[in-house]
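Asks: What follows is coords14.cif, made up of mmCIF, C-alpha atoms:
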data_coords
#
loop_
_atom_site.label_atom_id
_atom_site.label_comp_id
_atom_site.auth_asym_id
_atom_site.auth_seq_id
_atom_site.Cartn_x
_atom_site.Cartn_y
_atom_site.Cartn_z
CA MET A 7 -38.08 -2.51 -8.03
CA SER A 8 -34.83 -4.45 -7.88
CA SER A 9 -31.56 -2.62 -8.35
CA SER A 10 -29.03 -3.26 -11.07
CA PRO A 11 -26.66 -6.20 -10.46
CA ARG A 12 -23.83 -3.67 -10.79
CA ASN A 13 -25.22 -1.61 -7.90
CA LYS A 14 -22.92 -2.39 -4.98
CA THR A 15 -24.43 0.07 -2.49
CA LEU A 16 -24.59 -1.47 0.98
CA LYS A 17 -28.11 -2.58 1.88
CA LEU A 18 -29.14 -4.25 5.14
CA ASN A 19 -32.52 -5.78 5.89
CA ALA A 20 -34.30 -5.46 9.24
CA ALA A 21 -32.89 -8.71 10.60
CA GLU A 22 -29.34 -7.77 9.65
CA LEU A 23 -29.72 -4.34 11.24
CA ALA A 24 -31.05 -5.87 14.43
CA ALA A 25 -28.19 -8.37 14.65
CA LEU A 26 -25.54 -5.73 14.08
CA SER A 27 -27.22 -3.31 16.47
CA ALA A 28 -26.96 -5.95 19.21
CA GLU A 29 -23.17 -6.02 18.70
CA LEU A 30 -22.69 -2.34 19.48
CA PRO A 31 -21.04 -1.78 22.87
CA GLU A 32 -22.57 0.51 25.48
CA LEU A 33 -20.71 3.66 26.47
CA LYS A 34 -22.06 4.79 29.85
CA SER A 35 -18.86 5.53 31.78
CA LYS A 36 -15.14 6.02 31.33
CA VAL A 37 -13.33 3.46 29.19
CA CYS A 38 -9.65 2.53 29.11
CA VAL A 39 -7.55 2.33 25.97
CA GLU A 40 -8.16 -1.41 25.58
CA GLU A 41 -11.93 -0.91 25.82
CA ALA A 42 -11.85 1.79 23.14
CA ASN A 43 -9.59 -0.20 20.84
CA ASN A 44 -11.26 -1.10 17.50
CA GLN A 45 -14.69 -0.09 18.76
CA ILE A 46 -17.61 1.90 17.38
CA PHE A 47 -19.86 3.61 19.91
CA ASN A 48 -23.41 4.72 19.18
CA ALA A 49 -23.61 7.93 21.19
CA ASP A 50 -23.90 11.70 21.14
CA LEU A 51 -20.32 12.99 21.26
CA LEU A 52 -21.28 15.85 23.59
CA GLU A 53 -22.53 13.34 26.14
CA VAL A 54 -19.57 10.93 26.06
CA ILE A 55 -16.57 13.08 25.20
CA ASN A 56 -15.23 12.84 28.76
CA PHE A 57 -15.46 9.04 28.80
CA PHE A 58 -12.39 8.54 26.63
CA PRO A 59 -8.86 8.17 28.02
CA HIS A 60 -6.40 11.02 27.74
CA GLY A 61 -3.48 10.60 25.38
CA PHE A 62 -4.77 7.62 23.39
CA VAL A 63 -5.15 9.15 19.90
CA ASP A 64 -2.38 9.25 17.29
CA LEU A 65 -4.54 10.61 14.47
CA LEU A 66 -7.78 12.57 14.92
CA ILE A 67 -9.98 12.89 11.84
CA LEU A 68 -12.90 15.29 12.22
CA ASP A 69 -15.75 15.40 9.75
CA PRO A 70 -18.57 17.14 11.65
CA PRO A 71 -21.80 18.21 9.93
CA TYR A 72 -21.15 21.26 7.79
CA ASN A 73 -23.27 24.33 8.42
CA LEU A 74 -25.97 23.21 5.99
CA ASP A 75 -29.51 21.87 6.20
CA LYS A 76 -29.00 18.13 5.98
CA ASP A 77 -31.13 15.09 6.79
CA PHE A 78 -29.02 12.24 8.13
CA HIS A 79 -31.75 9.61 7.86
CA GLY A 80 -34.07 11.16 10.42
CA LEU A 81 -31.49 13.15 12.37
CA ARG A 82 -31.54 16.64 10.96
CA PHE A 83 -28.78 19.22 11.16
CA SER A 84 -30.08 22.73 10.53
CA ARG A 85 -28.09 25.58 9.13
CA GLN A 86 -27.40 28.30 11.69
CA SER A 87 -25.70 31.65 11.72
CA ASP A 88 -21.94 31.60 11.35
CA HIS A 89 -21.65 32.81 14.93
CA SER A 90 -23.84 29.96 16.24
CA TYR A 91 -21.99 27.35 14.19
CA SER A 92 -18.65 28.62 15.48
CA ALA A 93 -19.99 28.39 19.04
CA TRP A 94 -21.10 24.80 18.38
CA LEU A 95 -17.61 23.86 17.18
CA ARG A 96 -16.21 25.30 20.39
CA LEU A 97 -18.55 23.17 22.50
CA TRP A 98 -16.68 19.99 21.67
CA PHE A 99 -13.38 20.67 19.88
CA PRO A 100 -11.29 21.84 22.88
CA ALA A 101 -12.51 18.82 24.88
CA LEU A 102 -11.00 16.47 22.29
CA LEU A 103 -7.49 17.89 22.60
CA PRO A 104 -6.57 16.06 25.86
CA LEU A 105 -7.22 12.79 24.02
CA LEU A 106 -4.26 13.43 21.71
CA LYS A 107 -0.86 11.87 22.23
CA PRO A 108 2.24 14.08 21.98
CA GLY A 109 3.14 14.15 18.28
CA ALA A 110 -0.45 13.48 17.17
CA THR A 111 -2.06 14.92 14.04
CA VAL A 112 -5.48 16.48 13.46
CA TYR A 113 -7.36 16.71 10.16
CA PHE A 114 -10.52 18.85 10.18
CA CYS A 115 -12.97 18.68 7.24
CA GLY A 116 -15.10 21.65 6.26
CA ASP A 117 -16.43 23.73 3.40
CA TRP A 118 -15.74 27.28 2.29
CA ARG A 119 -18.57 28.89 4.26
CA ASN A 120 -16.93 28.32 7.62
CA GLY A 121 -13.30 28.13 6.62
CA ALA A 122 -12.51 31.25 8.65
CA ASP A 123 -14.17 29.79 11.76
CA ILE A 124 -12.20 26.55 11.46
CA TYR A 125 -8.96 28.44 10.82
CA ASN A 126 -9.45 30.61 13.90
CA LEU A 127 -10.46 27.64 16.05
CA LEU A 128 -7.47 25.52 15.10
CA SER A 129 -5.06 28.46 15.36
CA GLU A 130 -6.08 29.02 18.97
CA HIS A 131 -5.16 25.49 20.03
CA LEU A 132 -2.82 23.91 17.47
CA ILE A 133 -0.10 24.63 14.94
CA LEU A 134 -1.70 24.93 11.52
CA ARG A 135 0.31 23.15 8.82
CA ASN A 136 -1.73 23.39 5.64
CA ARG A 137 -5.14 23.42 4.04
CA ILE A 138 -5.94 20.64 1.59
CA CYS A 139 -8.54 21.36 -1.07
CA TRP A 140 -10.00 18.26 -2.68
CA GLN A 141 -12.12 18.24 -5.81
CA ARG A 142 -15.43 16.53 -5.18
CA GLU A 143 -15.90 16.29 -8.97
CA LYS A 144 -19.66 16.45 -8.73
CA GLY A 145 -22.25 18.80 -7.34
CA ARG A 146 -25.29 20.76 -8.35
CA GLY A 147 -24.90 23.28 -11.11
CA ALA A 148 -25.57 26.94 -10.48
CA LYS A 149 -26.80 29.59 -12.93
CA ALA A 150 -25.84 32.63 -10.86
CA ASN A 151 -22.74 31.28 -9.11
CA TRP A 152 -19.75 29.01 -9.56
CA LYS A 153 -20.49 25.33 -9.10
CA ASN A 154 -19.38 24.25 -5.62
CA SER A 155 -17.31 21.12 -6.23
CA SER A 156 -14.54 21.21 -3.62
CA GLU A 157 -14.07 20.85 0.11
CA ASP A 158 -11.29 21.66 2.55
CA ILE A 159 -9.31 19.58 5.03
CA TRP A 160 -7.24 21.51 7.57
CA PHE A 161 -3.97 19.90 8.71
CA ALA A 162 -2.76 20.74 12.23
CA THR A 163 -0.59 19.35 15.02
CA PRO A 164 -0.21 20.11 18.74
CA ASP A 165 3.58 20.28 18.51
CA GLU A 166 6.56 20.01 16.17
CA ASN A 167 7.21 16.31 16.77
CA TYR A 168 4.60 14.96 14.36
CA HIS A 169 4.73 12.03 11.94
CA PHE A 170 4.47 12.63 8.19
CA ASN A 171 5.57 9.97 5.69
CA VAL A 172 5.39 11.40 2.18
CA GLU A 173 6.78 8.19 0.65
CA THR A 174 3.51 6.38 1.41
CA VAL A 175 1.25 8.87 -0.37
CA LYS A 176 2.89 9.51 -3.71
CA LEU A 177 0.67 9.78 -6.75
CA CYS A 178 1.43 7.73 -9.85
CA ARG A 179 0.64 9.81 -12.91
CA LYS A 180 0.74 8.95 -16.57
CA VAL A 181 3.39 10.93 -18.40
CA ILE A 182 1.81 12.65 -21.37
CA ALA A 183 4.81 14.61 -22.62
CA PRO A 184 7.86 12.67 -21.41
CA TYR A 185 11.04 14.66 -20.94
CA LYS A 186 14.34 12.99 -21.76
CA GLU A 187 17.89 13.76 -20.80
CA ASN A 188 20.59 12.33 -23.05
CA GLY A 189 17.86 10.30 -24.71
CA ARG A 190 16.76 8.57 -21.50
CA PRO A 191 13.69 9.14 -19.31
CA LYS A 192 14.22 11.83 -16.69
CA ASP A 193 12.30 11.04 -13.48
CA TRP A 194 9.82 8.71 -15.18
CA LEU A 195 9.48 5.06 -16.15
CA ALA A 196 9.03 3.93 -19.76
CA SER A 197 7.26 0.59 -20.26
CA LYS A 198 5.07 -1.27 -22.71
CA LYS A 199 2.11 -0.52 -20.43
CA GLY A 200 2.69 3.21 -20.51
CA ASN A 201 4.89 5.94 -19.12
CA PHE A 202 4.58 6.72 -15.41
CA ARG A 203 5.95 9.14 -12.85
CA LEU A 204 5.69 9.10 -9.06
CA THR A 205 4.95 12.62 -7.82
CA HIS A 206 4.82 14.20 -4.38
CA PRO A 207 1.24 15.03 -3.36
CA SER A 208 0.25 18.67 -3.28
CA ASN A 209 -2.47 20.29 -1.18
CA PHE A 210 -4.87 20.16 -4.15
CA TRP A 211 -6.31 16.71 -4.77
CA ASP A 212 -8.04 16.20 -8.10
CA ASP A 213 -7.91 12.39 -8.20
CA ILE A 214 -10.66 11.59 -5.65
CA SER A 215 -13.96 10.00 -6.68
CA VAL A 216 -16.96 10.44 -4.40
CA PRO A 217 -18.49 7.00 -3.64
CA TYR A 218 -21.24 6.09 -6.09
CA TRP A 219 -23.54 3.13 -6.71
CA SER A 220 -21.06 0.86 -8.50
CA MET A 221 -18.38 1.17 -5.79
CA PRO A 222 -18.38 -1.49 -3.02
CA GLU A 223 -17.71 1.16 -0.37
CA ASN A 224 -20.88 3.09 -1.22
CA THR A 225 -23.68 3.58 1.30
CA ALA A 226 -26.76 5.79 1.45
CA HIS A 227 -25.01 8.25 3.76
CA PRO A 228 -25.53 11.73 2.25
CA THR A 229 -22.00 13.03 2.88
CA GLN A 230 -19.82 9.90 2.82
CA LYS A 231 -16.07 10.52 2.49
CA PRO A 232 -14.13 8.33 0.02
CA GLU A 233 -11.85 5.63 1.41
CA LYS A 234 -9.14 6.81 -0.96
CA LEU A 235 -9.17 10.28 0.58
CA LEU A 236 -9.00 8.86 4.11
CA ALA A 237 -6.25 6.42 3.11
CA ARG A 238 -4.05 9.35 2.10
CA LEU A 239 -4.54 11.03 5.48
CA ILE A 240 -4.01 7.81 7.43
CA LEU A 241 -0.91 6.68 5.54
CA ALA A 242 0.78 10.07 5.69
CA SER A 243 0.07 10.82 9.34
CA SER A 244 0.05 7.52 11.22
CA LYS A 245 2.10 4.36 11.55
CA PRO A 246 0.90 0.74 11.52
CA GLY A 247 -0.77 -0.01 14.85
CA ASP A 248 -1.52 3.66 15.62
CA MET A 249 -4.94 4.71 16.93
CA VAL A 250 -7.18 6.63 14.51
CA PHE A 251 -10.14 8.34 16.18
CA ASP A 252 -13.20 9.71 14.37
CA PRO A 253 -15.89 11.18 16.67
CA PHE A 254 -18.29 11.86 13.76
CA LEU A 255 -17.92 8.45 12.15
CA GLY A 256 -20.94 8.42 9.83
CA SER A 257 -21.08 5.17 7.85
CA GLY A 258 -17.65 4.12 9.07
CA SER A 259 -15.26 5.08 6.28
CA THR A 260 -12.47 6.19 8.63
CA ALA A 261 -12.65 3.01 10.71
CA VAL A 262 -12.86 0.76 7.65
CA THR A 263 -9.91 2.43 5.95
CA ALA A 264 -7.85 2.35 9.13
CA LYS A 265 -8.52 -1.38 9.47
CA LYS A 266 -7.56 -2.04 5.85
CA LEU A 267 -4.28 -0.21 6.42
CA GLY A 268 -3.33 -1.98 9.64
CA ARG A 269 -4.23 0.77 12.08
CA ARG A 270 -6.42 0.62 15.17
CA TYR A 271 -9.61 2.65 15.19
CA CYS A 272 -12.26 4.10 17.45
CA GLY A 273 -15.37 5.99 16.40
CA VAL A 274 -18.47 7.69 17.75
CA GLU A 275 -21.67 8.05 15.74
CA ILE A 276 -25.05 9.31 16.91
CA ASN A 277 -27.09 7.49 14.24
CA ARG A 278 -27.50 3.82 15.20
CA GLU A 279 -28.26 2.71 11.64
CA TYR A 280 -25.01 4.29 10.44
CA CYS A 281 -23.16 2.38 13.17
CA CYS A 282 -24.64 -0.85 11.79
CA TRP A 283 -23.51 0.07 8.29
CA ALA A 284 -20.03 0.67 9.68
CA LEU A 285 -19.98 -2.73 11.41
CA ALA A 286 -21.07 -4.44 8.19
CA ARG A 287 -18.31 -2.71 6.26
CA LEU A 288 -15.75 -3.65 8.91
CA LYS A 289 -16.74 -7.30 8.58
CA ARG A 290 -16.19 -7.07 4.82
CA ALA A 291 -12.78 -5.50 5.43
CA GLU A 292 -11.63 -8.62 7.26
CA THR A 293 -11.23 -10.34 3.89
CA ASP A 294 -11.29 -7.47 1.39
CA HIS A 295 -8.54 -4.89 1.90
CA ARG A 296 -8.99 -3.13 -1.43
CA ILE A 297 -9.23 0.65 -1.57
CA GLN A 298 -10.40 1.96 -4.92
CA GLY A 299 -7.74 4.22 -6.43
CA TYR A 300 -4.97 2.93 -4.15
CA GLU A 301 -3.16 -0.13 -5.46
CA TYR A 302 0.38 -1.52 -5.43
CA GLY A 303 1.22 0.88 -2.60
CA MET A 304 0.48 3.95 -4.72
CA PHE A 305 -2.35 6.37 -5.43
CA TRP A 306 -3.57 6.58 -9.00
CA GLU A 307 -5.25 9.26 -11.04
CA ARG A 308 -8.98 9.02 -11.53
CA ASN A 309 -10.07 6.66 -14.34
CA THR A 310 -6.61 5.07 -14.49
CA LYS A 311 -6.01 1.33 -14.61
CA PRO A 312 -3.28 0.63 -12.02
CA VAL A 313 -0.30 -1.52 -12.91
CA ASP A 314 2.54 -2.76 -10.73
CA ILE A 315 5.37 -0.60 -11.98
CA ASN A 316 7.82 -2.61 -9.89
CA GLU A 317 7.12 -5.71 -11.95
CA ILE A 318 6.47 -4.41 -15.46
CA GLN A 319 9.29 -4.56 -17.95
CA GLN A 320 11.01 -1.25 -18.37
CA LEU A 321 11.93 -0.35 -21.93
CA ASP A 322 15.62 0.12 -22.58
CA LEU A 323 15.64 3.43 -24.38
CA GLU A 324 19.00 4.03 -26.06
CA PRO A 325 20.34 7.58 -26.04
#
Represent the structure from my file as C-alpha cells, please.

Replies:
Amino acid sequence: MSSSPRNKTLKLNAAELAALSAELPELKSKVCVEEANNQIFNADLLEVINFFPHGFVDLLILDPPYNLDKDFHGLRFSRQSDHSYSAWLRLWFPALLPLLKPGATVYFCGDWRNGADIYNLLSEHLILRNRICWQREKGRGAKANWKNSSEDIWFATPDENYHFNVETVKLCRKVIAPYKENGRPKDWLASKKGNFRLTHPSNFWDDISVPYWSMPENTAHPTQKPEKLLARLILASSKPGDMVFDPFLGSGSTAVTAKKLGRRYCGVEINREYCCWALARLKRAETDHRIQGYEYGMFWERNTKPVDINEIQQLDLEP
C-alpha cells in the first residue's frame, strides 16, 4: 500500500541503504580531531570510547536508551533494575568527560524513572545548572495513572567558564492580552499581522512537536528527538564552528541540526541502518536548512505561523 503524498517520513530502499552504508567510515583505532570532524561512526560506544581525542568537544548531547523495553529495529534494549541501569550509565559516562574542552557544556536526556540516578551521576562529575522539562505533547493514555507526556534534559558544565547565549533562543509568543503603558505597547510589538513578544526561555518547554509523518525530519526511529529541541540546545550552548558530539546518535537529529546551524558534528550509533538514515538527512541538509518551529532567528509557539517581525510594519499606536 502506497503512503499518502503528504507523508514525508524518510524511506530508503535496499540500494540506497547499501550505497550509504558504503560511505560510513571505519573506526578501529584512535582518530585525531580532523578525522572525527563531521563524521558519523557505526560502532558500539563502549568499544570505541577511547578512540576519540581528548578535549575536542564543545557541546556533548547525550540521549542514551531510557530504562525501558524498546526495540530499535532489531537491537533491543531491555528494562533493568534501577541499580543495574545506574551501573550501565557509569560504564561509559565518566569515560566521555576527558573528551570535553574547558568551558564545554553537557545536556543529558532522560525520563522521570531514573532522574535521581542521572542527578547523582552528573553531580559527582560536573556542576549541575538546571533541569529542563519538555512537553512531548503525545503519549499513551493511562486509566490508573497520569499520562506520561514529558521528558527531562539535565544541563551541566565542568567549570564556570561556559558559553550560554540567551539571545539566540528567545521564544516569540503571540500577545493575547496586550499591556500598554501611556497608551503604547509595553515590551511587545503591535502589527497588522498580530501582536508579538520575545520572551526569555524557561526550563519548561511546551512548544516542541515530536516528529510525525508530515514533517520532513521524520524517520521510523522510535524515540527520535525533534530538531527544534536540539536547535535550542545547540544555539544556546555553542558557537558557530564548535564541535557537537552525540555518542547515541540514533537517526542523526543532533548532527543534522548542528550542520544546519553552522556547527561541526561527530556521532556514534550502533545501528547501521540508523547511520544510513542520518547520512541521508545530512545530504538533504546541504540544501535545506529549515528547522520546523525555528524561523527568522526565533523560536515560535506550536501551531503558529512565523512572520519576520523585523520587516512587518509596526502600527503607530497613539497614546

Asks: Find the residues near Pro207 in chain A: any atom within 9 Å, counting all atoms listed in the file, skip ones fewer than 6 places away on the same chain, and give them as a VMD selection string.

Replies: chain A and resid 172 175 to 177

Asks: Looking at A:Asn43, A:Ser220, A:Thr229, A:Asn209, which one is nearest to Phe62 in chain A, with distances taken over only C-alpha atoms?

Replies: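 Of all the options, A:Asn43 lies closest to Phe62 in chain A.
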
Asks: For the file shown, report as a PyMOL selection string the outcome of the PyMOL selection byres ((chain A and resi 74-90) around 10) at residue level.

Replies: chain A and resi 71-73+91-96+117+119-120+122-123+226-229+256+276-277+279-280

Asks: Between A:Val181, A:Asp252, A:Ala284, A:Phe170, which is the closest to Leu102 in chain A once you count all atoms listed in the file?

Replies: A:Asp252

Asks: List the residues matched by the PyMOL selection byres ((chain A and resi 303) around 10) in the displayed structure as a list in words, ordered by chain and then by residue number.

Replies: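 Selected by the PyMOL selection byres ((chain A and resi 303) around 10) here: Glu173, Thr174, Val175, Lys176, Leu177, Cys178, Tyr300, Glu301, Tyr302, Met304, Phe305, Trp306 and Asp314 of chain A.
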
Asks: Evaluating the PyMOL selection byres ((chain A and resi 128-142) around 8) on the displayed file yields which residues, as a list of chain:residue names?

Replies: A:Pro100, A:Ile124, A:Tyr125, A:Asn126, A:Leu127, A:Glu143, A:Lys144, A:Gly145, A:Ser155, A:Ser156, A:Glu157, A:Asp158, A:Ile159, A:Trp160, A:Phe161, A:Ala162, A:Thr163, A:Pro164, A:Asp165, A:Asn209, A:Phe210, A:Trp211, A:Asp212, A:Asp213, A:Ile214, A:Ser215, A:Val216

Asks: Using all atoms listed in the file, pick whichever of A:Leu33, A:Leu52, A:Leu26, A:Val112 has the shortest atom-to-atom distance to Leu288 in chain A.

Replies: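 Closest to Leu288 in chain A of all the choices is A:Leu26.
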
Asks: I need every residue sitting at most 6 Å from the point (-8.2, 5.8, 24.8) (coordinates as in the file, only C-alpha atoms considered), written as a PDB file with C-alpha atoms, keeping the file's coordinate frame.

Replies:
ATOM      1  CA  CYS A  38      -9.650   2.530  29.110  1.00  0.00           C
ATOM      2  CA  VAL A  39      -7.550   2.330  25.970  1.00  0.00           C
ATOM      3  CA  ALA A  42     -11.850   1.790  23.140  1.00  0.00           C
ATOM      4  CA  PHE A  58     -12.390   8.540  26.630  1.00  0.00           C
ATOM      5  CA  PRO A  59      -8.860   8.170  28.020  1.00  0.00           C
ATOM      6  CA  PHE A  62      -4.770   7.620  23.390  1.00  0.00           C
TER       7      PHE A  62
END

Asks: Report, in Å to a single decimal, how far apart CA of Leu66 in chain A and CA of Tyr271 in chain A are.

Replies: 10.1 Å

Asks: Kindly provide, as a PDB file with C-alpha atoms, in the frame of the given file, the polymer residues lying within 12 Å of (5.8, 7.3, -12.3), counting all atoms listed in the file and using the coordinates exactly as they appear in the file.

Replies:
ATOM      1  CA  LYS A 176       2.890   9.510  -3.710  1.00  0.00           C
ATOM      2  CA  LEU A 177       0.670   9.780  -6.750  1.00  0.00           C
ATOM      3  CA  CYS A 178       1.430   7.730  -9.850  1.00  0.00           C
ATOM      4  CA  ARG A 179       0.640   9.810 -12.910  1.00  0.00           C
ATOM      5  CA  LYS A 180       0.740   8.950 -16.570  1.00  0.00           C
ATOM      6  CA  VAL A 181       3.390  10.930 -18.400  1.00  0.00           C
ATOM      7  CA  ILE A 182       1.810  12.650 -21.370  1.00  0.00           C
ATOM      8  CA  PRO A 184       7.860  12.670 -21.410  1.00  0.00           C
ATOM      9  CA  PRO A 191      13.690   9.140 -19.310  1.00  0.00           C
ATOM     10  CA  LYS A 192      14.220  11.830 -16.690  1.00  0.00           C
ATOM     11  CA  ASP A 193      12.300  11.040 -13.480  1.00  0.00           C
ATOM     12  CA  TRP A 194       9.820   8.710 -15.180  1.00  0.00           C
ATOM     13  CA  LEU A 195       9.480   5.060 -16.150  1.00  0.00           C
ATOM     14  CA  ALA A 196       9.030   3.930 -19.760  1.00  0.00           C
ATOM     15  CA  SER A 197       7.260   0.590 -20.260  1.00  0.00           C
ATOM     16  CA  LYS A 199       2.110  -0.520 -20.430  1.00  0.00           C
ATOM     17  CA  GLY A 200       2.690   3.210 -20.510  1.00  0.00           C
ATOM     18  CA  ASN A 201       4.890   5.940 -19.120  1.00  0.00           C
ATOM     19  CA  PHE A 202       4.580   6.720 -15.410  1.00  0.00           C
ATOM     20  CA  ARG A 203       5.950   9.140 -12.850  1.00  0.00           C
ATOM     21  CA  LEU A 204       5.690   9.100  -9.060  1.00  0.00           C
ATOM     22  CA  THR A 205       4.950  12.620  -7.820  1.00  0.00           C
ATOM     23  CA  HIS A 206       4.820  14.200  -4.380  1.00  0.00           C
ATOM     24  CA  MET A 304       0.480   3.950  -4.720  1.00  0.00           C
ATOM     25  CA  PHE A 305      -2.350   6.370  -5.430  1.00  0.00           C
ATOM     26  CA  TRP A 306      -3.570   6.580  -9.000  1.00  0.00           C
ATOM     27  CA  GLU A 307      -5.250   9.260 -11.040  1.00  0.00           C
ATOM     28  CA  PRO A 312      -3.280   0.630 -12.020  1.00  0.00           C
ATOM     29  CA  VAL A 313      -0.300  -1.520 -12.910  1.00  0.00           C
ATOM     30  CA  ASP A 314       2.540  -2.760 -10.730  1.00  0.00           C
ATOM     31  CA  ILE A 315       5.370  -0.600 -11.980  1.00  0.00           C
ATOM     32  CA  ASN A 316       7.820  -2.610  -9.890  1.00  0.00           C
ATOM     33  CA  GLN A 320      11.010  -1.250 -18.370  1.00  0.00           C
TER      34      GLN A 320
END

Asks: Choose the residue, out of A:Asp294, A:Lys234, A:Asp64, A:Thr111, that has the smallest atom-to-atom separation from Arg269 in chain A; count all atoms listed in the file.

Replies: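 So, comparing all the options, the nearest one is A:Asp64.
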
Asks: Between CA of Gln45 in chain A and CA of Ala242 in chain A, what distance in Å does the model show, to one decimal?

Replies: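 Going from CA of Gln45 in chain A over to CA of Ala242 in chain A, I get 22.7 Å.
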
Asks: Between CA of Cys281 in chain A and CA of Gly61 in chain A, what is the spacing in Å?

Replies: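 CA of Cys281 in chain A lies at a distance of 24.6 Å from CA of Gly61 in chain A.
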
Asks: At a cut-off of 7 Å, using all atoms listed in the file, what residues contact range 260-264 of chain A? Leave out same-chain residues fewer than 3 positions from it and give the result as a ChimeraX atom specification.

Replies: /A:233,236-237,240,250,252,255,267-273,287-288,291

Asks: Could you extract range 145-161 of chain A of the given structure into a file holding N, CA and C atoms, as a PDB file, in the first residue's frame?

Replies:
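The new file out-v3.pdb reads:
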ATOM      1  N   GLY A 145       1.400  10.763  23.892  1.00  0.00           N
ATOM      2  CA  GLY A 145       1.786   9.601  24.687  1.00  0.00           C
ATOM      3  C   GLY A 145       0.551   8.788  24.973  1.00  0.00           C
ATOM      4  N   ARG A 146       0.747   7.592  25.417  1.00  0.00           N
ATOM      5  CA  ARG A 146      -0.387   6.710  25.686  1.00  0.00           C
ATOM      6  C   ARG A 146      -1.158   7.181  26.917  1.00  0.00           C
ATOM      7  N   GLY A 147      -2.461   7.068  26.828  1.00  0.00           N
ATOM      8  CA  GLY A 147      -3.286   7.411  27.970  1.00  0.00           C
ATOM      9  C   GLY A 147      -3.169   6.355  29.053  1.00  0.00           C
ATOM     10  N   ALA A 148      -3.557   6.699  30.239  1.00  0.00           N
ATOM     11  CA  ALA A 148      -3.499   5.779  31.366  1.00  0.00           C
ATOM     12  C   ALA A 148      -4.763   5.940  32.198  1.00  0.00           C
ATOM     13  N   LYS A 149      -5.379   4.815  32.588  1.00  0.00           N
ATOM     14  CA  LYS A 149      -6.602   4.863  33.376  1.00  0.00           C
ATOM     15  C   LYS A 149      -6.329   4.949  34.870  1.00  0.00           C
ATOM     16  N   ALA A 150      -5.171   4.427  35.302  1.00  0.00           N
ATOM     17  CA  ALA A 150      -4.876   4.398  36.729  1.00  0.00           C
ATOM     18  C   ALA A 150      -3.639   5.216  37.067  1.00  0.00           C
ATOM     19  N   ASN A 151      -3.271   6.145  36.174  1.00  0.00           N
ATOM     20  CA  ASN A 151      -2.091   6.969  36.406  1.00  0.00           C
ATOM     21  C   ASN A 151      -2.201   8.218  35.555  1.00  0.00           C
ATOM     22  N   TRP A 152      -1.319   9.177  35.790  1.00  0.00           N
ATOM     23  CA  TRP A 152      -1.255  10.371  34.965  1.00  0.00           C
ATOM     24  C   TRP A 152      -0.544  10.040  33.663  1.00  0.00           C
ATOM     25  N   LYS A 153      -1.049  10.564  32.580  1.00  0.00           N
ATOM     26  CA  LYS A 153      -0.434  10.349  31.276  1.00  0.00           C
ATOM     27  C   LYS A 153       0.994  10.886  31.275  1.00  0.00           C
ATOM     28  N   ASN A 154       1.942  10.062  30.853  1.00  0.00           N
ATOM     29  CA  ASN A 154       3.350  10.464  30.834  1.00  0.00           C
ATOM     30  C   ASN A 154       3.648  11.183  29.524  1.00  0.00           C
ATOM     31  N   SER A 155       3.742  12.496  29.554  1.00  0.00           N
ATOM     32  CA  SER A 155       3.912  13.263  28.318  1.00  0.00           C
ATOM     33  C   SER A 155       5.021  14.300  28.433  1.00  0.00           C
ATOM     34  N   SER A 156       6.039  14.002  29.240  1.00  0.00           N
ATOM     35  CA  SER A 156       7.163  14.930  29.354  1.00  0.00           C
ATOM     36  C   SER A 156       8.450  14.149  29.562  1.00  0.00           C
ATOM     37  N   GLU A 157       9.550  14.793  29.236  1.00  0.00           N
ATOM     38  CA  GLU A 157      10.880  14.223  29.454  1.00  0.00           C
ATOM     39  C   GLU A 157      11.790  15.305  30.021  1.00  0.00           C
ATOM     40  N   ASP A 158      12.916  14.874  30.565  1.00  0.00           N
ATOM     41  CA  ASP A 158      13.864  15.797  31.178  1.00  0.00           C
ATOM     42  C   ASP A 158      15.136  15.909  30.351  1.00  0.00           C
ATOM     43  N   ILE A 159      15.779  17.068  30.443  1.00  0.00           N
ATOM     44  CA  ILE A 159      17.121  17.265  29.913  1.00  0.00           C
ATOM     45  C   ILE A 159      17.919  17.988  30.992  1.00  0.00           C
ATOM     46  N   TRP A 160      18.974  17.342  31.476  1.00  0.00           N
ATOM     47  CA  TRP A 160      19.800  17.909  32.532  1.00  0.00           C
ATOM     48  C   TRP A 160      20.921  18.730  31.912  1.00  0.00           C
ATOM     49  N   PHE A 161      21.142  19.916  32.437  1.00  0.00           N
ATOM     50  CA  PHE A 161      22.112  20.887  31.939  1.00  0.00           C
ATOM     51  C   PHE A 161      23.256  20.980  32.937  1.00  0.00           C
TER      52      PHE A 161
END
